[in-house]
file target-v4.pdb (PDB, C-alpha atoms)
ATOM      1  CA  MET A  19      18.338  -9.449  12.623
ATOM      2  CA  SER A  20      18.383 -11.924   9.730
ATOM      3  CA  ARG A  21      17.537 -10.635   6.274
ATOM      4  CA  SER A  22      16.318 -12.519   3.227
ATOM      5  CA  ARG A  23      19.226 -13.479   0.953
ATOM      6  CA  ILE A  24      19.303 -13.566  -2.831
ATOM      7  CA  GLY A  25      20.477 -17.017  -3.904
ATOM      8  CA  ALA A  26      22.197 -18.598  -6.907
ATOM      9  CA  LYS A  27      18.893 -19.356  -8.664
ATOM     10  CA  ALA A  28      17.873 -15.678  -8.645
ATOM     11  CA  HIS A  29      21.339 -14.747  -9.941
ATOM     12  CA  LEU A  30      21.055 -17.189 -12.835
ATOM     13  CA  LEU A  31      17.566 -15.945 -13.708
ATOM     14  CA  THR A  32      18.813 -12.337 -13.616
ATOM     15  CA  TRP A  33      21.696 -13.270 -15.926
ATOM     16  CA  ALA A  34      19.287 -14.941 -18.380
ATOM     17  CA  ALA A  35      17.039 -11.855 -18.315
ATOM     18  CA  LEU A  36      20.052  -9.594 -18.963
ATOM     19  CA  LEU A  37      21.112 -11.698 -21.967
ATOM     20  CA  VAL A  38      17.577 -11.603 -23.386
ATOM     21  CA  LEU A  39      17.343  -7.824 -22.870
ATOM     22  CA  THR A  40      20.758  -7.281 -24.496
ATOM     23  CA  THR A  41      19.674  -9.305 -27.521
ATOM     24  CA  ALA A  42      16.361  -7.407 -27.618
ATOM     25  CA  THR A  43      18.244  -4.067 -27.510
ATOM     26  CA  LEU A  44      20.406  -5.192 -30.431
ATOM     27  CA  ALA A  45      17.423  -6.433 -32.457
ATOM     28  CA  THR A  46      15.454  -3.248 -31.772
ATOM     29  CA  SER A  47      18.313  -1.084 -33.037
ATOM     30  CA  PHE A  48      18.007  -2.725 -36.474
ATOM     31  CA  VAL A  49      14.209  -2.359 -36.615
ATOM     32  CA  LEU A  50      13.656   1.107 -35.157
ATOM     33  CA  GLY A  51      15.286   4.391 -36.106
ATOM     34  CA  GLY A  52      15.465   7.999 -34.943
ATOM     35  CA  ALA A  53      13.883   9.071 -31.655
ATOM     36  CA  SER A  54      12.045   5.767 -31.039
ATOM     37  CA  GLU A  55      15.359   3.858 -31.244
ATOM     38  CA  LEU A  56      16.870   6.300 -28.749
ATOM     39  CA  VAL A  57      13.967   5.856 -26.311
ATOM     40  CA  ALA A  58      13.952   2.042 -26.671
ATOM     41  CA  ALA A  59      17.718   1.810 -26.059
ATOM     42  CA  GLY A  60      17.381   4.068 -22.999
ATOM     43  CA  VAL A  61      14.511   2.045 -21.520
ATOM     44  CA  PHE A  62      16.333  -1.271 -22.067
ATOM     45  CA  ALA A  63      19.497   0.139 -20.448
ATOM     46  CA  VAL A  64      17.615   1.428 -17.385
ATOM     47  CA  VAL A  65      15.807  -1.920 -16.928
ATOM     48  CA  LYS A  66      19.090  -3.855 -17.257
ATOM     49  CA  ALA A  67      20.926  -1.552 -14.825
ATOM     50  CA  SER A  68      18.045  -1.883 -12.338
ATOM     51  CA  LEU A  69      18.217  -5.692 -12.538
ATOM     52  CA  VAL A  70      21.968  -5.619 -11.889
ATOM     53  CA  ALA A  71      21.541  -3.219  -8.945
ATOM     54  CA  TRP A  72      18.590  -5.051  -7.370
ATOM     55  CA  PHE A  73      19.793  -8.659  -7.719
ATOM     56  CA  PHE A  74      23.546  -8.780  -8.453
ATOM     57  CA  MET A  75      24.377  -5.823  -6.188
ATOM     58  CA  HIS A  76      21.883  -7.045  -3.577
ATOM     59  CA  LEU A  77      20.106  -3.721  -3.282
ATOM     60  CA  ALA A  78      17.051  -5.845  -2.451
ATOM     61  CA  GLU A  79      18.833  -6.911   0.764
ATOM     62  CA  GLU A  80      20.018  -3.442   1.750
ATOM     63  CA  ARG A  81      18.683  -1.138   4.423
ATOM     64  CA  LEU A  82      17.109   2.219   3.600
ATOM     65  CA  PRO A  83      20.293   4.415   3.717
ATOM     66  CA  SER A  84      22.016   2.408   0.956
ATOM     67  CA  ARG A  85      18.867   2.351  -1.176
ATOM     68  CA  LEU A  86      18.594   6.102  -0.653
ATOM     69  CA  ALA A  87      22.209   6.665  -1.788
ATOM     70  CA  PHE A  88      21.459   4.732  -4.988
ATOM     71  CA  ALA A  89      18.153   6.557  -5.549
ATOM     72  CA  VAL A  90      19.773   9.983  -5.074
ATOM     73  CA  GLY A  91      22.500   9.148  -7.625
ATOM     74  CA  PHE A  92      19.876   7.904 -10.077
ATOM     75  CA  ILE A  93      17.539  10.910  -9.652
ATOM     76  CA  PHE A  94      20.342  13.484  -9.977
ATOM     77  CA  THR A  95      21.632  11.712 -13.078
ATOM     78  CA  ALA A  96      18.169  11.857 -14.637
ATOM     79  CA  LEU A  97      17.883  15.568 -13.756
ATOM     80  CA  LEU A  98      21.356  16.403 -15.081
ATOM     81  CA  VAL A  99      20.912  14.601 -18.399
ATOM     82  CA  GLY A 100      17.198  15.360 -18.840
ATOM     83  CA  LEU A 101      17.304  19.112 -18.145
ATOM     84  CA  THR A 102      20.505  19.701 -20.131
ATOM     85  CA  VAL A 103      19.231  17.828 -23.182
ATOM     86  CA  SER A 104      15.827  19.541 -23.072
ATOM     87  CA  ASP A 105      17.656  22.908 -22.923
ATOM     88  CA  VAL A 106      19.878  22.073 -25.900
ATOM     89  CA  LEU A 107      16.995  20.701 -27.968
ATOM     90  CA  GLY A 108      14.822  23.726 -27.134
ATOM     91  CA  ARG A 109      17.298  26.267 -28.522
ATOM     92  CA  PRO A 110      16.640  27.710 -31.987
ATOM     93  CA  ARG A 111      19.232  26.639 -34.536
ATOM     94  CA  LEU A 112      21.328  29.553 -35.669
ATOM     95  CA  GLU A 113      22.687  29.470 -39.185
ATOM     96  CA  VAL A 114      26.069  31.176 -39.436
ATOM     97  CA  GLN A 115      26.195  33.456 -42.489
ATOM     98  CA  ALA A 116      29.408  33.971 -44.397
ATOM     99  CA  PRO A 117      30.525  37.647 -44.264
ATOM    100  CA  GLN A 118      29.281  39.640 -47.256
ATOM    101  CA  VAL A 119      30.315  42.827 -49.024
ATOM    102  CA  ASP A 120      27.639  44.564 -51.150
ATOM    103  CA  GLY A 121      25.438  41.456 -51.124
ATOM    104  CA  ARG A 122      28.252  39.173 -52.310
ATOM    105  CA  PRO A 123      30.439  36.759 -50.315
ATOM    106  CA  ALA A 124      33.489  38.541 -48.993
ATOM    107  CA  PRO A 125      36.768  37.598 -50.714
TER     108      PRO A 125
ATOM    109  CA  MET L  30      41.100 -13.714   8.977
ATOM    110  CA  GLU L  31      38.797 -10.721   8.414
ATOM    111  CA  SER L  32      37.641  -9.892  11.921
ATOM    112  CA  GLU L  33      34.428 -11.558  13.046
ATOM    113  CA  ARG L  34      34.235  -9.094  15.938
ATOM    114  CA  ALA L  35      32.798  -5.630  15.426
ATOM    115  CA  ALA L  36      34.979  -2.560  16.044
ATOM    116  CA  ALA L  37      34.267  -0.887  19.371
ATOM    117  CA  HIS L  38      32.201   1.957  17.914
ATOM    118  CA  PHE L  39      29.761  -0.429  16.175
ATOM    119  CA  GLU L  40      26.819  -2.132  17.839
ATOM    120  CA  ASP L  41      27.558  -5.469  16.160
ATOM    121  CA  LEU L  42      29.227  -6.987  13.074
ATOM    122  CA  GLU L  43      26.122  -6.580  10.909
ATOM    123  CA  ASN L  44      25.987  -2.892  11.827
ATOM    124  CA  GLU L  45      29.663  -2.502  10.847
ATOM    125  CA  HIS L  46      29.130  -4.235   7.502
ATOM    126  CA  ASP L  47      26.048  -2.113   6.810
ATOM    127  CA  ALA L  48      28.153   1.016   7.336
ATOM    128  CA  GLY L  49      30.832  -0.304   4.950
ATOM    129  CA  ARG L  50      28.308  -1.091   2.242
ATOM    130  CA  PHE L  51      26.612   2.285   2.716
ATOM    131  CA  ALA L  52      29.970   4.008   2.155
ATOM    132  CA  MET L  53      30.413   1.925  -1.007
ATOM    133  CA  TRP L  54      26.949   2.948  -2.255
ATOM    134  CA  VAL L  55      27.835   6.615  -1.709
ATOM    135  CA  PHE L  56      31.026   6.040  -3.739
ATOM    136  CA  ILE L  57      28.945   4.323  -6.444
ATOM    137  CA  GLY L  58      26.581   7.329  -6.475
ATOM    138  CA  SER L  59      29.552   9.666  -7.053
ATOM    139  CA  GLU L  60      30.864   7.447  -9.864
ATOM    140  CA  VAL L  61      27.439   7.413 -11.499
ATOM    141  CA  LEU L  62      27.349  11.222 -11.394
ATOM    142  CA  PHE L  63      30.831  11.403 -12.929
ATOM    143  CA  PHE L  64      29.768   9.268 -15.896
ATOM    144  CA  ALA L  65      26.437  11.138 -16.034
ATOM    145  CA  ALA L  66      28.412  14.316 -16.797
ATOM    146  CA  LEU L  67      30.031  12.543 -19.774
ATOM    147  CA  PHE L  68      26.624  11.294 -20.958
ATOM    148  CA  THR L  69      25.267  14.830 -20.686
ATOM    149  CA  LEU L  70      28.080  16.095 -22.911
ATOM    150  CA  PHE L  71      27.412  13.245 -25.339
ATOM    151  CA  ALA L  72      23.664  13.985 -25.454
ATOM    152  CA  GLY L  73      24.245  17.729 -25.885
ATOM    153  CA  TYR L  74      26.709  17.315 -28.747
ATOM    154  CA  ARG L  75      24.523  14.643 -30.341
ATOM    155  CA  ALA L  76      21.648  17.132 -30.410
ATOM    156  CA  HIS L  77      23.968  19.624 -32.177
ATOM    157  CA  TYR L  78      25.535  17.168 -34.625
ATOM    158  CA  PRO L  79      22.908  14.434 -35.208
ATOM    159  CA  ARG L  80      24.115  13.453 -38.702
ATOM    160  CA  GLU L  81      27.815  13.386 -37.838
ATOM    161  CA  PHE L  82      27.191  11.388 -34.641
ATOM    162  CA  SER L  83      25.082   8.895 -36.575
ATOM    163  CA  GLU L  84      27.786   8.436 -39.231
ATOM    164  CA  ALA L  85      30.508   8.111 -36.605
ATOM    165  CA  ALA L  86      28.508   5.512 -34.611
ATOM    166  CA  GLN L  87      28.159   3.450 -37.794
ATOM    167  CA  HIS L  88      31.926   3.270 -37.823
ATOM    168  CA  SER L  89      32.129   1.694 -34.350
ATOM    169  CA  ASN L  90      32.835  -2.032 -34.235
ATOM    170  CA  LEU L  91      29.371  -3.323 -33.280
ATOM    171  CA  THR L  92      30.538  -6.950 -33.037
ATOM    172  CA  ILE L  93      33.248  -6.190 -30.483
ATOM    173  CA  GLY L  94      30.970  -3.840 -28.532
ATOM    174  CA  THR L  95      28.192  -6.443 -28.363
ATOM    175  CA  VAL L  96      30.470  -9.376 -27.482
ATOM    176  CA  ASN L  97      31.989  -7.246 -24.711
ATOM    177  CA  THR L  98      28.485  -6.569 -23.356
ATOM    178  CA  TYR L  99      27.774 -10.304 -23.033
ATOM    179  CA  VAL L 100      31.262 -10.821 -21.560
ATOM    180  CA  LEU L 101      30.802  -8.218 -18.795
ATOM    181  CA  ILE L 102      27.282  -9.393 -17.924
ATOM    182  CA  THR L 103      28.553 -12.962 -17.565
ATOM    183  CA  SER L 104      31.515 -11.875 -15.434
ATOM    184  CA  SER L 105      29.041 -10.022 -13.187
ATOM    185  CA  LEU L 106      27.097 -13.274 -12.786
ATOM    186  CA  LEU L 107      30.267 -15.128 -11.745
ATOM    187  CA  VAL L 108      31.065 -12.463  -9.127
ATOM    188  CA  ALA L 109      27.492 -12.614  -7.771
ATOM    189  CA  LEU L 110      27.832 -16.417  -7.531
ATOM    190  CA  ALA L 111      31.168 -15.954  -5.704
ATOM    191  CA  ILE L 112      29.339 -14.004  -2.978
ATOM    192  CA  ASP L 113      26.744 -16.770  -2.836
ATOM    193  CA  ALA L 114      29.577 -19.321  -2.456
ATOM    194  CA  ILE L 115      31.346 -17.489   0.402
ATOM    195  CA  ARG L 116      28.027 -17.180   2.207
ATOM    196  CA  ARG L 117      27.999 -21.003   2.134
ATOM    197  CA  ASP L 118      31.637 -21.178   3.261
ATOM    198  CA  ARG L 119      32.895 -22.586  -0.028
ATOM    199  CA  PRO L 120      36.210 -20.730  -0.612
ATOM    200  CA  ARG L 121      37.382 -23.118  -3.362
ATOM    201  CA  ALA L 122      34.298 -22.265  -5.447
ATOM    202  CA  VAL L 123      34.937 -18.559  -4.755
ATOM    203  CA  LEU L 124      38.444 -18.893  -6.190
ATOM    204  CA  TRP L 125      37.218 -20.593  -9.378
ATOM    205  CA  LEU L 126      34.447 -18.040  -9.855
ATOM    206  CA  LEU L 127      36.831 -15.107  -9.317
ATOM    207  CA  ALA L 128      39.278 -16.656 -11.792
ATOM    208  CA  GLY L 129      36.453 -16.952 -14.363
ATOM    209  CA  ALA L 130      35.326 -13.353 -13.793
ATOM    210  CA  GLY L 131      38.927 -12.111 -14.047
ATOM    211  CA  LEU L 132      39.476 -14.040 -17.259
ATOM    212  CA  LEU L 133      36.371 -12.464 -18.786
ATOM    213  CA  GLY L 134      37.645  -9.064 -17.632
ATOM    214  CA  LEU L 135      40.888  -9.752 -19.504
ATOM    215  CA  VAL L 136      38.898 -10.778 -22.608
ATOM    216  CA  PHE L 137      37.065  -7.434 -22.371
ATOM    217  CA  VAL L 138      40.321  -5.455 -22.160
ATOM    218  CA  GLY L 139      41.867  -7.513 -24.984
ATOM    219  CA  LEU L 140      38.931  -6.885 -27.333
ATOM    220  CA  LYS L 141      38.853  -3.187 -26.421
ATOM    221  CA  SER L 142      42.583  -2.874 -27.145
ATOM    222  CA  TRP L 143      42.062  -4.590 -30.513
ATOM    223  CA  GLU L 144      39.306  -2.093 -31.305
ATOM    224  CA  TYR L 145      41.463   0.899 -30.295
ATOM    225  CA  ALA L 146      44.314  -0.411 -32.484
ATOM    226  CA  GLU L 147      41.867  -0.704 -35.406
ATOM    227  CA  HIS L 148      40.811   2.936 -34.887
ATOM    228  CA  PHE L 149      44.399   4.174 -34.596
ATOM    229  CA  ARG L 150      45.287   2.534 -37.927
ATOM    230  CA  GLU L 151      42.514   4.596 -39.561
ATOM    231  CA  GLY L 152      43.647   7.868 -38.002
ATOM    232  CA  ILE L 153      40.858   7.954 -35.419
ATOM    233  CA  PHE L 154      42.539   9.668 -32.474
ATOM    234  CA  PRO L 155      40.991  11.888 -29.795
ATOM    235  CA  GLY L 156      40.898  15.690 -29.979
ATOM    236  CA  VAL L 157      43.296  17.638 -32.182
ATOM    237  CA  ALA L 158      45.126  14.431 -33.195
ATOM    238  CA  TYR L 159      41.987  13.265 -35.084
ATOM    239  CA  ARG L 160      42.742  12.667 -38.763
ATOM    240  CA  PHE L 161      40.128  10.196 -40.047
ATOM    241  CA  GLU L 162      39.711  11.143 -43.705
ATOM    242  CA  ALA L 163      36.392   9.331 -44.275
ATOM    243  CA  LEU L 164      34.662  11.451 -41.591
ATOM    244  CA  PRO L 165      36.496  14.778 -41.371
ATOM    245  CA  ALA L 166      33.587  16.777 -39.839
ATOM    246  CA  ARG L 167      33.939  18.387 -36.409
ATOM    247  CA  GLY L 168      30.915  16.412 -35.074
ATOM    248  CA  ALA L 169      32.641  13.082 -35.846
ATOM    249  CA  MET L 170      35.792  14.261 -34.077
ATOM    250  CA  LEU L 171      33.729  15.179 -31.007
ATOM    251  CA  PHE L 172      31.993  11.759 -31.093
ATOM    252  CA  PHE L 173      35.281   9.872 -31.125
ATOM    253  CA  THR L 174      36.870  12.144 -28.500
ATOM    254  CA  LEU L 175      33.956  11.428 -26.139
ATOM    255  CA  TYR L 176      34.192   7.751 -27.114
ATOM    256  CA  TYR L 177      37.858   7.616 -26.061
ATOM    257  CA  VAL L 178      37.284   9.526 -22.816
ATOM    258  CA  ALA L 179      34.253   7.460 -21.728
ATOM    259  CA  THR L 180      35.453   4.005 -22.818
ATOM    260  CA  GLY L 181      39.050   4.759 -21.743
ATOM    261  CA  ILE L 182      38.026   5.708 -18.190
ATOM    262  CA  HIS L 183      35.725   2.681 -18.140
ATOM    263  CA  ALA L 184      38.602   0.415 -19.237
ATOM    264  CA  LEU L 185      40.698   1.910 -16.438
ATOM    265  CA  HIS L 186      37.937   0.867 -14.016
ATOM    266  CA  VAL L 187      38.080  -2.656 -15.473
ATOM    267  CA  LEU L 188      41.846  -2.796 -14.824
ATOM    268  CA  VAL L 189      41.329  -1.610 -11.222
ATOM    269  CA  GLY L 190      38.664  -4.328 -10.869
ATOM    270  CA  LEU L 191      41.128  -6.965 -12.089
ATOM    271  CA  GLY L 192      43.622  -5.768  -9.467
ATOM    272  CA  LEU L 193      40.942  -6.033  -6.776
ATOM    273  CA  PHE L 194      40.085  -9.584  -7.947
ATOM    274  CA  THR L 195      43.729 -10.575  -7.484
ATOM    275  CA  TRP L 196      43.758  -9.092  -3.983
ATOM    276  CA  VAL L 197      40.522 -10.747  -2.793
ATOM    277  CA  ALA L 198      41.463 -14.068  -4.443
ATOM    278  CA  TRP L 199      44.751 -13.974  -2.503
ATOM    279  CA  ARG L 200      42.841 -13.312   0.736
ATOM    280  CA  THR L 201      40.334 -16.070  -0.058
ATOM    281  CA  TRP L 202      43.179 -18.504  -0.765
ATOM    282  CA  ARG L 203      44.705 -17.641   2.624
ATOM    283  CA  GLY L 204      41.370 -18.430   4.262
ATOM    284  CA  LEU L 205      40.743 -14.866   5.426
ATOM    285  CA  TYR L 206      37.063 -14.805   4.437
ATOM    286  CA  SER L 207      34.194 -16.710   6.024
ATOM    287  CA  SER L 208      30.414 -16.733   5.678
ATOM    288  CA  ARG L 209      30.253 -14.244   8.577
ATOM    289  CA  ALA L 210      33.072 -11.884   7.548
ATOM    290  CA  HIS L 211      33.841 -11.249   3.869
ATOM    291  CA  GLN L 212      33.399  -7.533   3.419
ATOM    292  CA  GLY L 213      36.435  -7.076   1.141
ATOM    293  CA  LEU L 214      34.952  -9.595  -1.259
ATOM    294  CA  GLU L 215      31.504  -8.042  -1.070
ATOM    295  CA  LEU L 216      32.730  -4.485  -1.760
ATOM    296  CA  THR L 217      34.870  -5.718  -4.678
ATOM    297  CA  ALA L 218      31.773  -7.415  -6.115
ATOM    298  CA  LEU L 219      29.780  -4.160  -5.799
ATOM    299  CA  TYR L 220      32.551  -2.296  -7.626
ATOM    300  CA  TRP L 221      32.618  -4.853 -10.457
ATOM    301  CA  HIS L 222      28.846  -4.682 -10.924
ATOM    302  CA  LEU L 223      29.162  -0.889 -11.177
ATOM    303  CA  VAL L 224      31.657  -1.394 -14.026
ATOM    304  CA  ASP L 225      29.040  -3.601 -15.697
ATOM    305  CA  VAL L 226      26.250  -1.022 -15.197
ATOM    306  CA  ILE L 227      28.340   1.755 -16.778
ATOM    307  CA  TRP L 228      29.033  -0.404 -19.849
ATOM    308  CA  ILE L 229      25.299  -1.166 -20.121
ATOM    309  CA  PHE L 230      24.856   2.552 -20.925
ATOM    310  CA  LEU L 231      28.046   3.048 -22.969
ATOM    311  CA  TRP L 232      27.217   0.218 -25.381
ATOM    312  CA  PRO L 233      23.979   1.690 -26.857
ATOM    313  CA  ALA L 234      25.371   5.251 -26.814
ATOM    314  CA  PHE L 235      28.538   4.540 -28.814
ATOM    315  CA  TYR L 236      27.642   1.426 -30.823
ATOM    316  CA  LEU L 237      23.884   1.106 -31.300
ATOM    317  CA  ILE L 238      22.146   4.458 -31.729
ATOM    318  CA  ARG L 239      22.871   5.246 -35.367
TER     319      ARG L 239
END
call {"tool": "encode", "arguments": {"input": "target-v4.pdb", "output": "structure tokens"}}
result
Amino acid sequence: MSRSRIGAKAHLLTWAALLVLTTATLATSFVLGGASELVAAGVFAVVKASLVAWFFMHLAEERLPSRLAFAVGFIFTALLVGLTVSDVLGRPRLEVQAPQVDGRPAP
Amino acid sequence: MESERAAAHFEDLENEHDAGRFAMWVFIGSEVLFFAALFTLFAGYRAHYPREFSEAAQHSNLTIGTVNTYVLITSSLLVALAIDAIRRDRPRAVLWLLAGAGLLGLVFVGLKSWEYAEHFREGIFPGVAYRFEALPARGAMLFFTLYYVATGIHALHVLVGLGLFTWVAWRTWRGLYSSRAHQGLELTALYWHLVDVIWIFLWPAFYLIR
């Protein structure tokens, strides 16, 4: 069975898109700050990685089992990072008190 | 020449190559999960030490990190074009493209080594050896320890990739690959793109998010 092949033109376009997205990530990091910078950098990275996987790694040409292997890795990564970070961020911050004697800092 | 006849337990050559690529994708999935564990550690510690991580990231060499990003993306393009070339039975072009990708890989390792040397001069070492006076806090030490573990293992992957380039270039030069049978080249290309994908996530984590 013949399958559609990704050619040199698509590779060059993917490369150009990756360069633009890298530059956009860099520019965004100077403009944004805090949580929005974190989210923007994450979104850019996921889009870039998807472009590499789909075009450079020819995931677009692959049969279902290979696509499934990639999807499983991606989903479990998202679960691992997402659930762990939400757990850590959801914990109350505990301030460690210095030991005291009669209301004064211990010697 | 890489066999153009399928092994006995495969229906045909395409079926055999599909199985090989599937195995490679499973390996890639396991590699992704390995690096995901490091990212999870990074994210957890960053949530605990936001100020220290921010200060430490400002001390990373953004120029080298960014140049290396462009370098790896371009080397990935050359490898993708090498696959395109072998599919058209153009081994000479494959050799040139592999040489270009390998050279860019060497540039990446060279710049990374330069950056490590810069850090060492300032006393930025991993773990208990850390003695950077400008950022003495525990959070900064954890940032740089994770930085060395993640980028060091990634650099090791780059070196393995360079070894694989040498091997497949040698096989291409000997005329062992054709448009019908070039699985060694194809799996090496998949591996190199994985190295690129991992760096795509390392770059913002250790250089950009400040």
call {"tool": "resolve_selection", "arguments": {"input": "target-v4.pdb", "expression": "the PyMOL selection byres ((chain L and resi 190-195) around 7)", "output": "VMD selection string"}}
result
chain L and resid 127 131 134 186 to 189 196 to 199 217 221
call {"tool": "write_last_selection", "arguments": {"input": "target-v4.pdb", "atoms": "C-alpha atoms", "output": "compact mmCIF listing (two decimals), in the coordinates of the input"}}
result
# COMPACT_ATOMS: atom_id res chain seq x y z
CA LEU L 127 36.83 -15.11 -9.32
CA GLY L 131 38.93 -12.11 -14.05
CA GLY L 134 37.65 -9.06 -17.63
CA HIS L 186 37.94 0.87 -14.02
CA VAL L 187 38.08 -2.66 -15.47
CA LEU L 188 41.85 -2.80 -14.82
CA VAL L 189 41.33 -1.61 -11.22
CA TRP L 196 43.76 -9.09 -3.98
CA VAL L 197 40.52 -10.75 -2.79
CA ALA L 198 41.46 -14.07 -4.44
CA TRP L 199 44.75 -13.97 -2.50
CA THR L 217 34.87 -5.72 -4.68
CA TRP L 221 32.62 -4.85 -10.46
call {"tool": "resolve_selection", "arguments": {"input": "target-v4.pdb", "expression": "the PyMOL selection byres ((chain A and resi 55) around 12)", "output": "PDB file with C-alpha atoms, in the frame of the given file"}}
result
ATOM      1  CA  ALA A  42      16.361  -7.407 -27.618  1.00  0.00           C
ATOM      2  CA  THR A  43      18.244  -4.067 -27.510  1.00  0.00           C
ATOM      3  CA  LEU A  44      20.406  -5.192 -30.431  1.00  0.00           C
ATOM      4  CA  ALA A  45      17.423  -6.433 -32.457  1.00  0.00           C
ATOM      5  CA  THR A  46      15.454  -3.248 -31.772  1.00  0.00           C
ATOM      6  CA  SER A  47      18.313  -1.084 -33.037  1.00  0.00           C
ATOM      7  CA  PHE A  48      18.007  -2.725 -36.474  1.00  0.00           C
ATOM      8  CA  VAL A  49      14.209  -2.359 -36.615  1.00  0.00           C
ATOM      9  CA  LEU A  50      13.656   1.107 -35.157  1.00  0.00           C
ATOM     10  CA  GLY A  51      15.286   4.391 -36.106  1.00  0.00           C
ATOM     11  CA  GLY A  52      15.465   7.999 -34.943  1.00  0.00           C
ATOM     12  CA  ALA A  53      13.883   9.071 -31.655  1.00  0.00           C
ATOM     13  CA  SER A  54      12.045   5.767 -31.039  1.00  0.00           C
ATOM     14  CA  LEU A  56      16.870   6.300 -28.749  1.00  0.00           C
ATOM     15  CA  VAL A  57      13.967   5.856 -26.311  1.00  0.00           C
ATOM     16  CA  ALA A  58      13.952   2.042 -26.671  1.00  0.00           C
ATOM     17  CA  ALA A  59      17.718   1.810 -26.059  1.00  0.00           C
ATOM     18  CA  GLY A  60      17.381   4.068 -22.999  1.00  0.00           C
ATOM     19  CA  VAL A  61      14.511   2.045 -21.520  1.00  0.00           C
ATOM     20  CA  PHE A  62      16.333  -1.271 -22.067  1.00  0.00           C
TER      21      PHE A  62
ATOM     22  CA  PRO L 233      23.979   1.690 -26.857  1.00  0.00           C
ATOM     23  CA  ALA L 234      25.371   5.251 -26.814  1.00  0.00           C
ATOM     24  CA  LEU L 237      23.884   1.106 -31.300  1.00  0.00           C
ATOM     25  CA  ILE L 238      22.146   4.458 -31.729  1.00  0.00           C
ATOM     26  CA  ARG L 239      22.871   5.246 -35.367  1.00  0.00           C
TER      27      ARG L 239
END
call {"tool": "closest_residue", "arguments": {"input": "target-v4.pdb", "among": "L:His222, L:Arg116, L:His148, L:Arg121", "to": "chain A", "atoms": "all atoms listed in the file"}}
result
L:His222
call {"tool": "interface_residues", "arguments": {"input": "target-v4.pdb", "of": "chain A", "to": "chain L", "cutoff": "6 Å", "atoms": "all atoms listed in the file", "output": "list of chain:residue names"}}
result
A:Ala63, A:Ala67, A:Phe74, A:Met75, A:Ser84, A:Ala87, A:Phe88, A:Gly91, A:Thr95, A:Val99, A:Val103
call {"tool": "write_last_selection", "arguments": {"input": "target-v4.pdb", "atoms": "C-alpha atoms", "output": "CSV table (one decimal), in the frame of the given file"}}
result
chain,number,residue,atom,x,y,z
A,63,ALA,CA,19.5,0.1,-20.4
A,67,ALA,CA,20.9,-1.6,-14.8
A,74,PHE,CA,23.5,-8.8,-8.5
A,75,MET,CA,24.4,-5.8,-6.2
A,84,SER,CA,22.0,2.4,1.0
A,87,ALA,CA,22.2,6.7,-1.8
A,88,PHE,CA,21.5,4.7,-5.0
A,91,GLY,CA,22.5,9.1,-7.6
A,95,THR,CA,21.6,11.7,-13.1
A,99,VAL,CA,20.9,14.6,-18.4
A,103,VAL,CA,19.2,17.8,-23.2
call {"tool": "closest_residue", "arguments": {"input": "target-v4.pdb", "among": "L:Leu101, L:Thr92, L:Arg80, L:Arg160", "to": "Trp33 in chain A", "atoms": "only C-alpha atoms"}}
result
L:Leu101
call {"tool": "atom_distance", "arguments": {"input": "target-v4.pdb", "atom1": "CA of Ala28 in chain A", "atom2": "CA of Ser68 in chain A"}}
result
14.3 Å
call {"tool": "atom_distance", "arguments": {"input": "target-v4.pdb", "atom1": "CA of Val65 in chain A", "atom2": "CA of Leu171 in chain L"}}
result
28.5 Å
call {"tool": "atom_distance", "arguments": {"input": "target-v4.pdb", "atom1": "CA of Leu37 in chain A", "atom2": "CA of Arg23 in chain A"}}
result
23.1 Å
call {"tool": "resolve_selection", "arguments": {"input": "target-v4.pdb", "expression": "the PyMOL selection byres ((chain L and resi 162-167) around 8)", "output": "PyMOL selection string"}}
result
chain L and resi 81+84-85+152+160-161+168-171
call {"tool": "write_last_selection", "arguments": {"input": "target-v4.pdb", "atoms": "C-alpha atoms", "output": "compact mmCIF listing (two decimals), keeping the file's coordinate frame"}}
result
# COMPACT_ATOMS: atom_id res chain seq x y z
CA GLU L 81 27.82 13.39 -37.84
CA GLU L 84 27.79 8.44 -39.23
CA ALA L 85 30.51 8.11 -36.60
CA GLY L 152 43.65 7.87 -38.00
CA ARG L 160 42.74 12.67 -38.76
CA PHE L 161 40.13 10.20 -40.05
CA GLY L 168 30.92 16.41 -35.07
CA ALA L 169 32.64 13.08 -35.85
CA MET L 170 35.79 14.26 -34.08
CA LEU L 171 33.73 15.18 -31.01
call {"tool": "decode", "arguments": {"input": "target-v4.pdb", "residues": "range 78-83 of chain L", "atoms": "N, CA and C atoms", "output": "PDB file, in the first residue's frame"}}
result
ATOM      1  N   TYR L  78      10.482  27.404  45.242  1.00  0.00           N
ATOM      2  CA  TYR L  78      11.512  28.455  45.281  1.00  0.00           C
ATOM      3  C   TYR L  78      11.385  29.385  44.065  1.00  0.00           C
ATOM      4  N   PRO L  79      10.238  30.090  43.930  1.00  0.00           N
ATOM      5  CA  PRO L  79      10.042  30.891  42.708  1.00  0.00           C
ATOM      6  C   PRO L  79      11.092  32.003  42.536  1.00  0.00           C
ATOM      7  N   ARG L  80      11.428  32.682  43.653  1.00  0.00           N
ATOM      8  CA  ARG L  80      12.367  33.811  43.544  1.00  0.00           C
ATOM      9  C   ARG L  80      13.771  33.318  43.200  1.00  0.00           C
ATOM     10  N   GLU L  81      14.208  32.267  43.907  1.00  0.00           N
ATOM     11  CA  GLU L  81      15.558  31.752  43.673  1.00  0.00           C
ATOM     12  C   GLU L  81      15.705  31.185  42.254  1.00  0.00           C
ATOM     13  N   PHE L  82      14.650  30.508  41.771  1.00  0.00           N
ATOM     14  CA  PHE L  82      14.710  29.947  40.413  1.00  0.00           C
ATOM     15  C   PHE L  82      14.781  31.065  39.379  1.00  0.00           C
ATOM     16  N   SER L  83      14.017  32.138  39.643  1.00  0.00           N
ATOM     17  CA  SER L  83      14.007  33.271  38.721  1.00  0.00           C
ATOM     18  C   SER L  83      15.391  33.919  38.663  1.00  0.00           C
TER      19      SER L  83
END
